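One structure below.
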Amino acid sequence: MSYWFLCGKGKVFGFSCGLRRGFNYQQTFSLVNVKLKWVKDKALDAVIAGERDLRAACNLVSILSSAPDFCLPIYHLSRHRGQLGLPYDHKLSTFIRRYPTIFHESYVFDSAGTLVPCFELTLEALNLYHEELGVIRDNMIDLIDRLCKLLMLTKDRILPLQTIDQLKWDLGLPYFYIDNLIPNYADLFSLFRLPDDRIGLKLLSWDDTLAVSQLEKNVARQTEEDLKNNCLAFPIGFTRGFGLKRKCMGWLEEWQKLPYTSPYADASHLDPRTDVSEKRIVGVFHELFHLTIQKKTERKNGSL
């Protein structure tokens, strides 16, 4: 597998610097085709696979908990399939039947008189759901701060609900956050219709106290010189068996010394073709990961 790295070290890689608040960077790029061995992390892959089922089960619990008698026929549950994260070749009823301690199955007649499966929460699942509601109440300030910071990462402090929906599990937001959470904070959030006719959630006011990135908080890991020049470095760790060639490691070390631009700062002055701009983009992803509960999200969410 080939990866493209933007390189910029000294004259060799087209990088020059002068003085401007300690550093003034004028950058050009050369592209280096680097072949790396794709290394799988079996332990991490197992965790991700297990969490997929956990996420689907928890979302189904939230859906059923809002239904009359905590029970819904399978065709109603299927309408939420897109939010469950299950592969489309998996039959929903088959998945639900794998967890009889959570879901109890019965049968009802639909409008056409056909007998169809119907699922309801067991008493144990209902008790756990009420405990979850208590945890959410106890951590409401943290949840709201995470959502505010997520919107502050965007240019206009607004994101389509579709995007937030894909991240709500990672952020710890309740399944029905639009109906049960947002209306309680009308001074912070408002729903807007976007130019493409989608509905978006907008943060109404900027909060300077929240506009501090995780990397800026972890100043203890930075050297005194890096702090002085605002050249904060990202903590980096490689999966076992994964490695970069010496040339790429050299570039990475130099890249880490570039000025750090906070993901909450105005970056309109940055040339998108430069390494400094690339480091700012990495900073946005780094901050996004730290807004999530488990400091990770699915790869597909990186393009939202």
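Identifiers in the structure tokens: chain A, B, ... in order shown; residue index from 1 per chain; ligand index from 1 in order shown.
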message: Please list as a VMD selection string every residue within 12 Å of A:Leu150, counting only C-alpha atoms and excluding residues in the same chain fewer than 6 positions away.
response: chain A and resid 143 to 144 156 to 160 163 to 164 167 to 168 170 to 171 201 to 203 206 210 to 211 213 263 to 264 284 to 285 287 to 292
- request: List the neighbours of A:Pro117 out to 7 Å using only C-alpha atoms; skip same-chain residues closer than 4 positions along the sequence, and give me the result as a PyMOL selection string.
  value: chain A and resi 73-74+105-108
- prompt: Mind checking DSSP for stretch 63-165 of chain A and telling me the strand (DSSP E) residues as an MDAnalysis selection string?
  reply: chainID A and resid 71:73 103:109 115:121 158:160
Exercise: A:Ser268 partners within 10 Å, only C-alpha atoms, chain neighbours under 4 positions left out, as a ChimeraX atom specification: /A:155,272,277
- prompt: In Å, how far is it from atom CA of A:Asn301 to atom CA of A:Asp165?
  reply: 10.6 Å
Near-A:Met140 list (10 Å; only C-alpha atoms; drop same-chain fewer than 6 positions) as an MDAnalysis selection string: chainID A and resid 134 146 173 181
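Across A:Ala233, A:Ala112, A:Gln162, A:Ala57, the tightest approach to A:Arg198 is made by A:Gln162 when counting only C-alpha atoms.
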At a cut-off of 12 Å, using only C-alpha atoms, what residues contact A:Glu51? Leave out same-chain residues fewer than 2 positions from it and give the result as a PDB file with all heavy atoms, in the first residue's frame.
```pdb
ATOM      1  N   LEU A  44      -7.209  -4.696  18.716  1.00  0.00           N
ATOM      2  CA  LEU A  44      -8.048  -3.526  18.461  1.00  0.00           C
ATOM      3  C   LEU A  44      -9.207  -3.879  17.531  1.00  0.00           C
ATOM      4  O   LEU A  44     -10.334  -3.426  17.736  1.00  0.00           O
ATOM      5  CB  LEU A  44      -7.204  -2.410  17.846  1.00  0.00           C
ATOM      6  CG  LEU A  44      -7.947  -1.092  17.530  1.00  0.00           C
ATOM      7  CD1 LEU A  44      -8.573  -0.524  18.788  1.00  0.00           C
ATOM      8  CD2 LEU A  44      -6.985  -0.079  16.903  1.00  0.00           C
ATOM      9  N   ASP A  45      -8.936  -4.693  16.517  1.00  0.00           N
ATOM     10  CA  ASP A  45      -9.999  -5.112  15.599  1.00  0.00           C
ATOM     11  C   ASP A  45     -11.111  -5.850  16.348  1.00  0.00           C
ATOM     12  O   ASP A  45     -12.299  -5.678  16.048  1.00  0.00           O
ATOM     13  CB  ASP A  45      -9.429  -6.023  14.504  1.00  0.00           C
ATOM     14  CG  ASP A  45      -8.564  -5.253  13.510  1.00  0.00           C
ATOM     15  OD1 ASP A  45      -8.646  -4.007  13.497  1.00  0.00           O
ATOM     16  OD2 ASP A  45      -7.811  -5.901  12.753  1.00  0.00           O
ATOM     17  N   ALA A  46     -10.725  -6.667  17.330  1.00  0.00           N
ATOM     18  CA  ALA A  46     -11.714  -7.413  18.116  1.00  0.00           C
ATOM     19  C   ALA A  46     -12.565  -6.462  18.953  1.00  0.00           C
ATOM     20  O   ALA A  46     -13.785  -6.658  19.095  1.00  0.00           O
ATOM     21  CB  ALA A  46     -11.016  -8.431  19.013  1.00  0.00           C
ATOM     22  N   VAL A  47     -11.932  -5.437  19.505  1.00  0.00           N
ATOM     23  CA  VAL A  47     -12.670  -4.446  20.299  1.00  0.00           C
ATOM     24  C   VAL A  47     -13.677  -3.703  19.423  1.00  0.00           C
ATOM     25  O   VAL A  47     -14.836  -3.501  19.808  1.00  0.00           O
ATOM     26  CB  VAL A  47     -11.695  -3.447  20.952  1.00  0.00           C
ATOM     27  CG1 VAL A  47     -12.457  -2.269  21.562  1.00  0.00           C
ATOM     28  CG2 VAL A  47     -10.856  -4.135  22.015  1.00  0.00           C
ATOM     29  N   ILE A  48     -13.244  -3.306  18.232  1.00  0.00           N
ATOM     30  CA  ILE A  48     -14.124  -2.578  17.318  1.00  0.00           C
ATOM     31  C   ILE A  48     -15.313  -3.436  16.904  1.00  0.00           C
ATOM     32  O   ILE A  48     -16.460  -2.965  16.873  1.00  0.00           O
ATOM     33  CB  ILE A  48     -13.351  -2.124  16.068  1.00  0.00           C
ATOM     34  CG1 ILE A  48     -12.232  -1.150  16.463  1.00  0.00           C
ATOM     35  CG2 ILE A  48     -14.281  -1.461  15.071  1.00  0.00           C
ATOM     36  CD1 ILE A  48     -12.691   0.090  17.160  1.00  0.00           C
ATOM     37  N   ALA A  49     -15.050  -4.699  16.591  1.00  0.00           N
ATOM     38  CA  ALA A  49     -16.128  -5.600  16.187  1.00  0.00           C
ATOM     39  C   ALA A  49     -17.140  -5.795  17.317  1.00  0.00           C
ATOM     40  O   ALA A  49     -18.354  -5.806  17.089  1.00  0.00           O
ATOM     41  CB  ALA A  49     -15.547  -6.951  15.754  1.00  0.00           C
ATOM     42  N   ASP A  53     -21.615  -4.371  17.859  1.00  0.00           N
ATOM     43  CA  ASP A  53     -22.820  -5.020  18.363  1.00  0.00           C
ATOM     44  C   ASP A  53     -23.347  -4.305  19.597  1.00  0.00           C
ATOM     45  O   ASP A  53     -24.566  -4.178  19.778  1.00  0.00           O
ATOM     46  CB  ASP A  53     -22.527  -6.482  18.700  1.00  0.00           C
ATOM     47  CG  ASP A  53     -22.276  -7.320  17.451  1.00  0.00           C
ATOM     48  OD1 ASP A  53     -22.437  -6.785  16.335  1.00  0.00           O
ATOM     49  OD2 ASP A  53     -21.910  -8.505  17.594  1.00  0.00           O
ATOM     50  N   LEU A  54     -22.453  -3.850  20.463  1.00  0.00           N
ATOM     51  CA  LEU A  54     -22.867  -3.129  21.666  1.00  0.00           C
ATOM     52  C   LEU A  54     -23.604  -1.844  21.296  1.00  0.00           C
ATOM     53  O   LEU A  54     -24.648  -1.521  21.878  1.00  0.00           O
ATOM     54  CB  LEU A  54     -21.642  -2.797  22.523  1.00  0.00           C
ATOM     55  CG  LEU A  54     -21.900  -1.940  23.767  1.00  0.00           C
ATOM     56  CD1 LEU A  54     -22.825  -2.666  24.738  1.00  0.00           C
ATOM     57  CD2 LEU A  54     -20.582  -1.563  24.444  1.00  0.00           C
ATOM     58  N   ARG A  55     -23.063  -1.130  20.319  1.00  0.00           N
ATOM     59  CA  ARG A  55     -23.699   0.107  19.874  1.00  0.00           C
ATOM     60  C   ARG A  55     -25.092  -0.158  19.338  1.00  0.00           C
ATOM     61  O   ARG A  55     -26.051   0.553  19.670  1.00  0.00           O
ATOM     62  CB  ARG A  55     -22.828   0.767  18.802  1.00  0.00           C
ATOM     63  CG  ARG A  55     -23.480   1.946  18.116  1.00  0.00           C
ATOM     64  CD  ARG A  55     -22.566   2.503  17.044  1.00  0.00           C
ATOM     65  NE  ARG A  55     -23.205   3.564  16.287  1.00  0.00           N
ATOM     66  CZ  ARG A  55     -22.616   4.250  15.321  1.00  0.00           C
ATOM     67  NH1 ARG A  55     -21.365   3.990  14.995  1.00  0.00           N
ATOM     68  NH2 ARG A  55     -23.272   5.194  14.693  1.00  0.00           N
ATOM     69  N   ALA A  56     -25.234  -1.185  18.498  1.00  0.00           N
ATOM     70  CA  ALA A  56     -26.542  -1.510  17.919  1.00  0.00           C
ATOM     71  C   ALA A  56     -27.534  -1.892  19.011  1.00  0.00           C
ATOM     72  O   ALA A  56     -28.695  -1.447  18.995  1.00  0.00           O
ATOM     73  CB  ALA A  56     -26.388  -2.635  16.906  1.00  0.00           C
ATOM     74  N   ALA A  57     -27.096  -2.707  19.962  1.00  0.00           N
ATOM     75  CA  ALA A  57     -27.993  -3.139  21.041  1.00  0.00           C
ATOM     76  C   ALA A  57     -28.426  -1.956  21.903  1.00  0.00           C
ATOM     77  O   ALA A  57     -29.607  -1.827  22.259  1.00  0.00           O
ATOM     78  CB  ALA A  57     -27.302  -4.202  21.892  1.00  0.00           C
ATOM     79  N   CYS A  58     -27.487  -1.076  22.236  1.00  0.00           N
ATOM     80  CA  CYS A  58     -27.819   0.096  23.063  1.00  0.00           C
ATOM     81  C   CYS A  58     -28.781   1.030  22.339  1.00  0.00           C
ATOM     82  O   CYS A  58     -29.703   1.595  22.957  1.00  0.00           O
ATOM     83  CB  CYS A  58     -26.540   0.837  23.441  1.00  0.00           C
ATOM     84  SG  CYS A  58     -25.528  -0.013  24.675  1.00  0.00           S
ATOM     85  N   ASN A  59     -28.571   1.214  21.044  1.00  0.00           N
ATOM     86  CA  ASN A  59     -29.478   2.067  20.277  1.00  0.00           C
ATOM     87  C   ASN A  59     -30.877   1.466  20.204  1.00  0.00           C
ATOM     88  O   ASN A  59     -31.881   2.187  20.281  1.00  0.00           O
ATOM     89  CB  ASN A  59     -28.921   2.302  18.870  1.00  0.00           C
ATOM     90  CG  ASN A  59     -27.760   3.272  18.858  1.00  0.00           C
ATOM     91  OD1 ASN A  59     -27.548   4.017  19.806  1.00  0.00           O
ATOM     92  ND2 ASN A  59     -26.990   3.260  17.787  1.00  0.00           N
ATOM     93  N   LEU A  84     -28.058   2.053  13.406  1.00  0.00           N
ATOM     94  CA  LEU A  84     -27.584   0.938  14.229  1.00  0.00           C
ATOM     95  C   LEU A  84     -26.154   0.539  13.910  1.00  0.00           C
ATOM     96  O   LEU A  84     -25.478  -0.071  14.741  1.00  0.00           O
ATOM     97  CB  LEU A  84     -28.507  -0.271  14.060  1.00  0.00           C
ATOM     98  CG  LEU A  84     -29.969  -0.056  14.465  1.00  0.00           C
ATOM     99  CD1 LEU A  84     -30.770  -1.341  14.258  1.00  0.00           C
ATOM    100  CD2 LEU A  84     -30.064   0.418  15.912  1.00  0.00           C
ATOM    101  N   GLY A  85     -25.696   0.853  12.705  1.00  0.00           N
ATOM    102  CA  GLY A  85     -24.326   0.523  12.342  1.00  0.00           C
ATOM    103  C   GLY A  85     -24.088  -0.934  12.010  1.00  0.00           C
ATOM    104  O   GLY A  85     -22.942  -1.391  11.997  1.00  0.00           O
ATOM    105  N   LEU A  86     -25.146  -1.685  11.755  1.00  0.00           N
ATOM    106  CA  LEU A  86     -24.998  -3.099  11.409  1.00  0.00           C
ATOM    107  C   LEU A  86     -24.783  -3.271   9.914  1.00  0.00           C
ATOM    108  O   LEU A  86     -25.333  -2.504   9.111  1.00  0.00           O
ATOM    109  CB  LEU A  86     -26.257  -3.882  11.829  1.00  0.00           C
ATOM    110  CG  LEU A  86     -26.519  -4.020  13.329  1.00  0.00           C
ATOM    111  CD1 LEU A  86     -27.873  -4.681  13.553  1.00  0.00           C
ATOM    112  CD2 LEU A  86     -25.409  -4.817  13.994  1.00  0.00           C
ATOM    113  N   TRP A 169     -22.826   8.457  19.160  1.00  0.00           N
ATOM    114  CA  TRP A 169     -22.399   7.344  20.001  1.00  0.00           C
ATOM    115  C   TRP A 169     -21.011   7.606  20.562  1.00  0.00           C
ATOM    116  O   TRP A 169     -20.766   7.412  21.756  1.00  0.00           O
ATOM    117  CB  TRP A 169     -22.415   6.047  19.193  1.00  0.00           C
ATOM    118  CG  TRP A 169     -21.728   4.899  19.868  1.00  0.00           C
ATOM    119  CD1 TRP A 169     -20.445   4.461  19.668  1.00  0.00           C
ATOM    120  CD2 TRP A 169     -22.278   4.036  20.867  1.00  0.00           C
ATOM    121  NE1 TRP A 169     -20.162   3.374  20.462  1.00  0.00           N
ATOM    122  CE2 TRP A 169     -21.269   3.088  21.213  1.00  0.00           C
ATOM    123  CE3 TRP A 169     -23.529   3.948  21.500  1.00  0.00           C
ATOM    124  CZ2 TRP A 169     -21.473   2.092  22.161  1.00  0.00           C
ATOM    125  CZ3 TRP A 169     -23.723   2.942  22.448  1.00  0.00           C
ATOM    126  CH2 TRP A 169     -22.712   2.039  22.764  1.00  0.00           C
ATOM    127  N   ASP A 170     -20.093   8.061  19.728  1.00  0.00           N
ATOM    128  CA  ASP A 170     -18.725   8.342  20.172  1.00  0.00           C
ATOM    129  C   ASP A 170     -18.682   9.490  21.171  1.00  0.00           C
ATOM    130  O   ASP A 170     -17.847   9.504  22.075  1.00  0.00           O
ATOM    131  CB  ASP A 170     -17.837   8.670  18.974  1.00  0.00           C
ATOM    132  CG  ASP A 170     -17.710   7.504  18.004  1.00  0.00           C
ATOM    133  OD1 ASP A 170     -17.619   6.359  18.473  1.00  0.00           O
ATOM    134  OD2 ASP A 170     -17.713   7.734  16.790  1.00  0.00           O
ATOM    135  N   GLN A 294     -14.117   7.413  23.958  1.00  0.00           N
ATOM    136  CA  GLN A 294     -13.025   6.449  23.927  1.00  0.00           C
ATOM    137  C   GLN A 294     -11.849   6.905  23.063  1.00  0.00           C
ATOM    138  O   GLN A 294     -10.987   6.098  22.699  1.00  0.00           O
ATOM    139  CB  GLN A 294     -13.546   5.094  23.426  1.00  0.00           C
ATOM    140  CG  GLN A 294     -14.617   4.500  24.327  1.00  0.00           C
ATOM    141  CD  GLN A 294     -14.961   3.078  23.953  1.00  0.00           C
ATOM    142  OE1 GLN A 294     -14.085   2.216  23.868  1.00  0.00           O
ATOM    143  NE2 GLN A 294     -16.236   2.813  23.725  1.00  0.00           N
ATOM    144  N   LYS A 296     -11.613   7.761  19.971  1.00  0.00           N
ATOM    145  CA  LYS A 296     -11.553   7.146  18.650  1.00  0.00           C
ATOM    146  C   LYS A 296     -12.906   7.297  17.972  1.00  0.00           C
ATOM    147  O   LYS A 296     -13.923   7.557  18.634  1.00  0.00           O
ATOM    148  CB  LYS A 296     -11.183   5.664  18.737  1.00  0.00           C
ATOM    149  CG  LYS A 296     -12.195   4.800  19.463  1.00  0.00           C
ATOM    150  CD  LYS A 296     -11.757   3.356  19.488  1.00  0.00           C
ATOM    151  CE  LYS A 296     -12.768   2.492  20.242  1.00  0.00           C
ATOM    152  NZ  LYS A 296     -14.108   2.498  19.618  1.00  0.00           N
ATOM    153  N   THR A 297     -12.898   7.129  16.670  1.00  0.00           N
ATOM    154  CA  THR A 297     -14.138   7.082  15.908  1.00  0.00           C
ATOM    155  C   THR A 297     -13.881   6.259  14.653  1.00  0.00           C
ATOM    156  O   THR A 297     -12.724   5.965  14.326  1.00  0.00           O
ATOM    157  CB  THR A 297     -14.634   8.491  15.536  1.00  0.00           C
ATOM    158  OG1 THR A 297     -15.954   8.413  14.971  1.00  0.00           O
ATOM    159  CG2 THR A 297     -13.710   9.159  14.529  1.00  0.00           C
ATOM    160  N   GLU A 298     -14.941   5.860  13.962  1.00  0.00           N
ATOM    161  CA  GLU A 298     -14.762   5.077  12.753  1.00  0.00           C
ATOM    162  C   GLU A 298     -14.099   5.909  11.667  1.00  0.00           C
ATOM    163  O   GLU A 298     -14.284   7.123  11.598  1.00  0.00           O
ATOM    164  CB  GLU A 298     -16.115   4.559  12.256  1.00  0.00           C
ATOM    165  CG  GLU A 298     -16.758   3.539  13.169  1.00  0.00           C
ATOM    166  CD  GLU A 298     -18.037   2.985  12.570  1.00  0.00           C
ATOM    167  OE1 GLU A 298     -17.972   2.341  11.511  1.00  0.00           O
ATOM    168  OE2 GLU A 298     -19.107   3.185  13.169  1.00  0.00           O
TER     169      GLU A 298
END
```
query: So which bits of stretch 83-249 of chain A end up alpha helix (DSSP H) when you DSSP the backbone, as an NGL selection string?
result: :A and (92-97 or 123-138 or 140-152 or 161-171 or 177-180 or 214-217 or 224-229 or 246-249)
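Taking atom CA of A:Leu151 and atom CA of A:Lys217 as the two end points, the separation is 19.4 Å.
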task: Record the distance separating atom CA of A:Gln83 and atom CA of A:Leu115, expressed in Å with one decimal.
output: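 Atom CA of A:Gln83 sits 25.9 Å away from atom CA of A:Leu115.
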message: Here is a test: counting only C-alpha atoms, which residue of A:Ser65, A:Glu120, A:Phe234, A:Leu77 is nearest to A:Glu132?
response: A:Ser65
query: Using only C-alpha atoms, which residues sit within 9 Å of stretch 123-126 of chain A once same-chain residues fewer than 4 positions away are excluded, as a list in words?
result: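 In the requested format, the answer is Val61, Ser65, Phe70, Thr101, Ile102, Phe103, His130 and Glu131 of chain A.
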Write out the residues from the selection above, keeping all heavy atoms, as a PDB file, in the first residue's frame.
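And here's selection.pdb as it stands now:
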```
ATOM      1  N   VAL A  61     -32.191  -0.423  22.493  1.00  0.00           N
ATOM      2  CA  VAL A  61     -32.763  -0.211  23.824  1.00  0.00           C
ATOM      3  C   VAL A  61     -33.342   1.205  23.927  1.00  0.00           C
ATOM      4  O   VAL A  61     -34.450   1.396  24.458  1.00  0.00           O
ATOM      5  CB  VAL A  61     -31.698  -0.451  24.913  1.00  0.00           C
ATOM      6  CG1 VAL A  61     -32.192   0.053  26.269  1.00  0.00           C
ATOM      7  CG2 VAL A  61     -31.343  -1.924  25.005  1.00  0.00           C
ATOM      8  N   SER A  65     -37.264   1.989  24.465  1.00  0.00           N
ATOM      9  CA  SER A  65     -37.627   2.666  25.711  1.00  0.00           C
ATOM     10  C   SER A  65     -38.552   3.849  25.483  1.00  0.00           C
ATOM     11  O   SER A  65     -39.258   4.287  26.397  1.00  0.00           O
ATOM     12  CB  SER A  65     -36.358   3.143  26.430  1.00  0.00           C
ATOM     13  OG  SER A  65     -35.722   4.171  25.685  1.00  0.00           O
ATOM     14  N   PHE A  70     -42.809  -0.158  25.786  1.00  0.00           N
ATOM     15  CA  PHE A  70     -41.432  -0.556  25.478  1.00  0.00           C
ATOM     16  C   PHE A  70     -41.393  -1.711  24.486  1.00  0.00           C
ATOM     17  O   PHE A  70     -40.540  -2.603  24.570  1.00  0.00           O
ATOM     18  CB  PHE A  70     -40.681  -0.935  26.756  1.00  0.00           C
ATOM     19  CG  PHE A  70     -40.833   0.063  27.856  1.00  0.00           C
ATOM     20  CD1 PHE A  70     -41.605  -0.225  28.972  1.00  0.00           C
ATOM     21  CD2 PHE A  70     -40.235   1.310  27.754  1.00  0.00           C
ATOM     22  CE1 PHE A  70     -41.760   0.711  29.985  1.00  0.00           C
ATOM     23  CE2 PHE A  70     -40.381   2.249  28.766  1.00  0.00           C
ATOM     24  CZ  PHE A  70     -41.153   1.961  29.887  1.00  0.00           C
ATOM     25  N   THR A 101     -31.599 -11.849  26.860  1.00  0.00           N
ATOM     26  CA  THR A 101     -31.649 -11.211  28.177  1.00  0.00           C
ATOM     27  C   THR A 101     -31.972  -9.720  28.067  1.00  0.00           C
ATOM     28  O   THR A 101     -32.278  -9.082  29.071  1.00  0.00           O
ATOM     29  CB  THR A 101     -30.304 -11.376  28.910  1.00  0.00           C
ATOM     30  OG1 THR A 101     -29.250 -10.805  28.113  1.00  0.00           O
ATOM     31  CG2 THR A 101     -29.999 -12.844  29.165  1.00  0.00           C
ATOM     32  N   ILE A 102     -31.919  -9.175  26.840  1.00  0.00           N
ATOM     33  CA  ILE A 102     -32.230  -7.766  26.622  1.00  0.00           C
ATOM     34  C   ILE A 102     -33.574  -7.592  25.926  1.00  0.00           C
ATOM     35  O   ILE A 102     -34.371  -6.721  26.306  1.00  0.00           O
ATOM     36  CB  ILE A 102     -31.123  -7.091  25.774  1.00  0.00           C
ATOM     37  CG1 ILE A 102     -29.763  -7.242  26.439  1.00  0.00           C
ATOM     38  CG2 ILE A 102     -31.444  -5.611  25.555  1.00  0.00           C
ATOM     39  CD1 ILE A 102     -28.611  -6.691  25.606  1.00  0.00           C
ATOM     40  N   PHE A 103     -33.839  -8.438  24.948  1.00  0.00           N
ATOM     41  CA  PHE A 103     -35.044  -8.296  24.137  1.00  0.00           C
ATOM     42  C   PHE A 103     -35.907  -9.554  24.249  1.00  0.00           C
ATOM     43  O   PHE A 103     -35.427 -10.675  24.048  1.00  0.00           O
ATOM     44  CB  PHE A 103     -34.672  -8.062  22.666  1.00  0.00           C
ATOM     45  CG  PHE A 103     -33.689  -6.943  22.458  1.00  0.00           C
ATOM     46  CD1 PHE A 103     -32.364  -7.229  22.131  1.00  0.00           C
ATOM     47  CD2 PHE A 103     -34.063  -5.618  22.607  1.00  0.00           C
ATOM     48  CE1 PHE A 103     -31.442  -6.209  21.937  1.00  0.00           C
ATOM     49  CE2 PHE A 103     -33.141  -4.591  22.426  1.00  0.00           C
ATOM     50  CZ  PHE A 103     -31.837  -4.890  22.090  1.00  0.00           C
ATOM     51  N   HIS A 130     -32.615   2.799  32.825  1.00  0.00           N
ATOM     52  CA  HIS A 130     -32.861   3.859  33.813  1.00  0.00           C
ATOM     53  C   HIS A 130     -31.567   4.274  34.507  1.00  0.00           C
ATOM     54  O   HIS A 130     -31.372   5.463  34.832  1.00  0.00           O
ATOM     55  CB  HIS A 130     -33.892   3.389  34.832  1.00  0.00           C
ATOM     56  CG  HIS A 130     -35.280   3.304  34.270  1.00  0.00           C
ATOM     57  ND1 HIS A 130     -36.222   2.397  34.700  1.00  0.00           N
ATOM     58  CD2 HIS A 130     -35.893   4.011  33.278  1.00  0.00           C
ATOM     59  CE1 HIS A 130     -37.345   2.551  34.024  1.00  0.00           C
ATOM     60  NE2 HIS A 130     -37.167   3.528  33.154  1.00  0.00           N
ATOM     61  N   GLU A 131     -30.669   3.319  34.719  1.00  0.00           N
ATOM     62  CA  GLU A 131     -29.357   3.667  35.273  1.00  0.00           C
ATOM     63  C   GLU A 131     -28.581   4.550  34.297  1.00  0.00           C
ATOM     64  O   GLU A 131     -27.901   5.500  34.706  1.00  0.00           O
ATOM     65  CB  GLU A 131     -28.558   2.396  35.572  1.00  0.00           C
ATOM     66  CG  GLU A 131     -29.050   1.619  36.768  1.00  0.00           C
ATOM     67  CD  GLU A 131     -28.134   0.448  37.091  1.00  0.00           C
ATOM     68  OE1 GLU A 131     -26.925   0.523  36.761  1.00  0.00           O
ATOM     69  OE2 GLU A 131     -28.613  -0.549  37.666  1.00  0.00           O
TER      70      GLU A 131
END
```
